[in-house]
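**Q** Submitted below is the structure of interest, expressed as structure tokens.
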Amino acid sequence: MSALSPEVLALADRVEAFVRNVVAPYEQDPRRDHHGAPSDALVHDLRGKAREAGVLTPHIRPDGSHLTQRETAAVLIRSGLSPLGPLACNTAAPDEGNMYLIRHVASPALQERFLKPLVEGRTRSAFFMTEPAELQGAGADPSMMITTTRRDGNHWVVNGKKCFITGANGAGVGIVMARSEEEDAPGACMFLVDLPDPAITITGAPNTIDNSMPGTHAELTIDNLRIPADQMLGQAGEGFKYAQVRLSPARLSHCMRWLGACIRAQEIATDYACRRHAFGKQLIEHEGVGFMLAENRILLKQCELMIDWCASVLDTGSLGAVESSMTKVSVSEALMKVADNCVQVMGGTGVTDKTIVEQVFREIRAFRIYDGPTEVHKWSLAKAIRREWRQAHG
């Protein structure tokens, strides 16, 4: 596998230096919402500093093209060294995945209108897909989508309810997904919309275990949202196909960012274990503690290699559905163990907000569910195994 270019490695180094030296000191900044998530004012300040440092939206080149997935990994892992890093550098979810989707599916006119302000870090975005479980709406199974859309002249009208819409409160760009009611265009449709819109009402914002992303995980109602037909992403009825374009890279970029966070958590736990003494010696000299840190080092390297392998598959042009499922399961479960070990090594300090270790633990727990729970990916992989067996045996 070819080495990354000196230019990309230098860019990754600049991102790391920026996150460690400029962003990390803001981790105790009090500008937070009711749930503890960073306020837009804090994000705005950090993005201004990233712009000055030349590391804003580093995964997208000045000509609008994206780095390869392997190159993106080198940059996004470094941006994840602080929970605030992806927000500061504009590499955070859901914006990073939405930028990728708009770049690959939207017309030039839509890119100019909706993608440009995202790349420039002037606004945030939200992806409207997940629906309430009590309504038997779409979750890990997008085919259950109950939000509908129908033609009305040169517009499409959308109605439904959504939930867990990350960043919806305060976003300027939305990607709305709905099931088409038109017989000549069965399937799902995707639309780009300006936010806020009076037809979209936020009805709730539950407190969740994670709080690294601004704008909450909103619950909302869409009531006769009228969208001009030229704001459809791609073709009517092809929404699920476009979702796949976004899904594998977005899954992988989650792995990248949270690997960076766990690398930092490991550093903090190691420093604690080497400074703290108990029972007559450094904590790290006790096998129970030293072995946890050793296990973490092994797991972190495994995650790095899985990410690089999956990225190389995506760089061939493959959708990488199987590979991204394997990587998402492997990395999320491994990082959960890493984060848990870091908390355990640090004892009481590990469950306080004196360091980011406690937050990283919470965020990784949510990551095991977001972008497909582990069990759904294993089920999908089992289906692929059965399909391959049937093909092999006629």
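In the structure tokens, chains take letters A, B, ... by order of appearance, with residues numbered from 1 within each chain and ligands from 1 in the order shown.
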Residues at most 7 Å from segment 79-93 of chain A, counting only C-alpha atoms, excluding those fewer than 4 positions away in the same chain, as a ChimeraX atom specification?

**A** /A:15-16,19,23-24,27,43,46-47,50,55-57,75,97,121,212,257-258,260-261,263-264

**Q** Which residues in segment 95-258 of chain A does DSSP call strand (DSSP E)? List them as a ChimeraX atom specification.

**A** /A:125-128,148-152,155-166,173-180,188-194,200-204,217-228

**Q** In Å to one decimal, how far is atom CA of Cys163 of chain A from atom CA of Ala126 of chain A?

**A**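 Result for atom CA of Ala126 of chain A versus atom CA of Cys163 of chain A: 11.5 Å, one decimal.
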
**Q** From the set A:Asp230, A:Glu52, A:Asp40, A:Asp340, which residue has the shortest atom-to-atom contact distance to Gly170 of chain A, counting only C-alpha atoms?

**A**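 Closest residue, counting only C-alpha atoms: A:Asp40.
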
**Q** So which residues of segment 40-245 of chain A fall under alpha helix (DSSP H) by DSSP, listed as an MDAnalysis selection string?

**A** chainID A and resid 40:53 69:79 85:89 95:105 108:110 116:119 239:245

**Q** Quick one: of A:Glu323, A:Asp353, A:Asp13, A:Glu96, who's nearest to Ser380 of chain A, counting only C-alpha atoms?

**A**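 Of A:Glu323, A:Asp353, A:Asp13, A:Glu96, the one nearest Ser380 of chain A is A:Glu323, counting only C-alpha atoms.
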
**Q** Neighbours of Met326 of chain A within 8 Å (only C-alpha atoms; same-chain residues fewer than 6 positions away dropped), as number ranges by chain?

**A** A: 377-378, 381

**Q** Would you mind telling me which residue in A:Leu259, A:His277, A:Leu335, A:Ala366 lies nearest to Glu295 of chain A when using only C-alpha atoms?

**A**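 Among A:Leu259, A:His277, A:Leu335, A:Ala366, it is A:Leu335 that comes nearest to Glu295 of chain A.
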
**Q** To one decimal place in Å, what is the distance between atom CA of Pro249 of chain A and atom CA of Phe127 of chain A?

**A**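 Separating atom CA of Pro249 of chain A from atom CA of Phe127 of chain A is a distance of 14.9 Å.
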
**Q** Could you name the residues that touch Lys241 of chain A at 12 Å or less, counting only C-alpha atoms, but leaving out those on the same chain fewer than 3 positions away, as a ChimeraX atom specification?

**A** /A:101,105,142-143,177,187-190,233-238,244-248,319

**Q** Tell me which of A:Val345, A:Arg32, A:Met306, A:Ile298 sits closest to Asp271 of chain A, counting only C-alpha atoms.

**A** A:Val345

**Q** Taking only C-alpha atoms into account, which of A:Glu112, A:Leu220, A:Arg103, A:Arg122 comes nearest Gly160 of chain A?

**A** A:Leu220

**Q** Report as a list in words all protein, DNA and RNA residues lying within 9 Å of segment 149-151 of chain A, evaluated on only C-alpha atoms, omitting residues in the same chain fewer than 3 positions from it.

**A**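 Counting only the stated atoms, we get Asn154, His155, Trp156, Val157, Val158, Asn159, Gly160, Met177, Ala178, Arg179, Ser180, Glu181, Glu182, Ala188, Cys189 and Ala229 of chain A.
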
**Q** Which residue is closest to Ile284 of chain A? Choose from A:Thr216, A:Leu67, A:Leu42, A:Thr270 and count only C-alpha atoms.

**A**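 Smallest distance to Ile284 of chain A is found for A:Thr270.
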
**Q** When you look at Asp197 of chain A with a cut-off of 10 Å (counting only C-alpha atoms), what residues show up, excluding the ones that are within fewer than 6 positions of it in the same chain? I need them as a list of chain:residue names.

**A**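 With the cut-off at 10 Å, the set is A:Gly172, A:Gly174, A:Ile222, A:Leu225, A:Arg226.
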
**Q** Would you mind exporting the chosen residues as a compact mmCIF listing (two decimals), in the first residue's frame, restricted to C-alpha atoms?

**A**
# COMPACT_ATOMS: atom_id res chain seq x y z
CA GLY A 172 -28.74 26.32 8.23
CA GLY A 174 -31.04 20.29 5.94
CA ILE A 222 -42.68 18.23 9.32
CA LEU A 225 -43.06 21.32 3.90
CA ARG A 226 -43.07 22.61 0.32

**Q** Just want the 10 Å neighbourhood of segment 371-376 of chain A, counted on only C-alpha atoms, with same-chain residues fewer than 5 positions away dropped. Output as a list in words.

**A**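 Once the adjacent positions are removed, what remains is Gly139, Ala140, Asp141, Leu247, Ser248, Ala250, Arg251, Leu252, His254, Ser325, Met326, Lys328, Val329, Ser330, Ser332, Glu333, Ala366, Leu381 and Ala382 of chain A.
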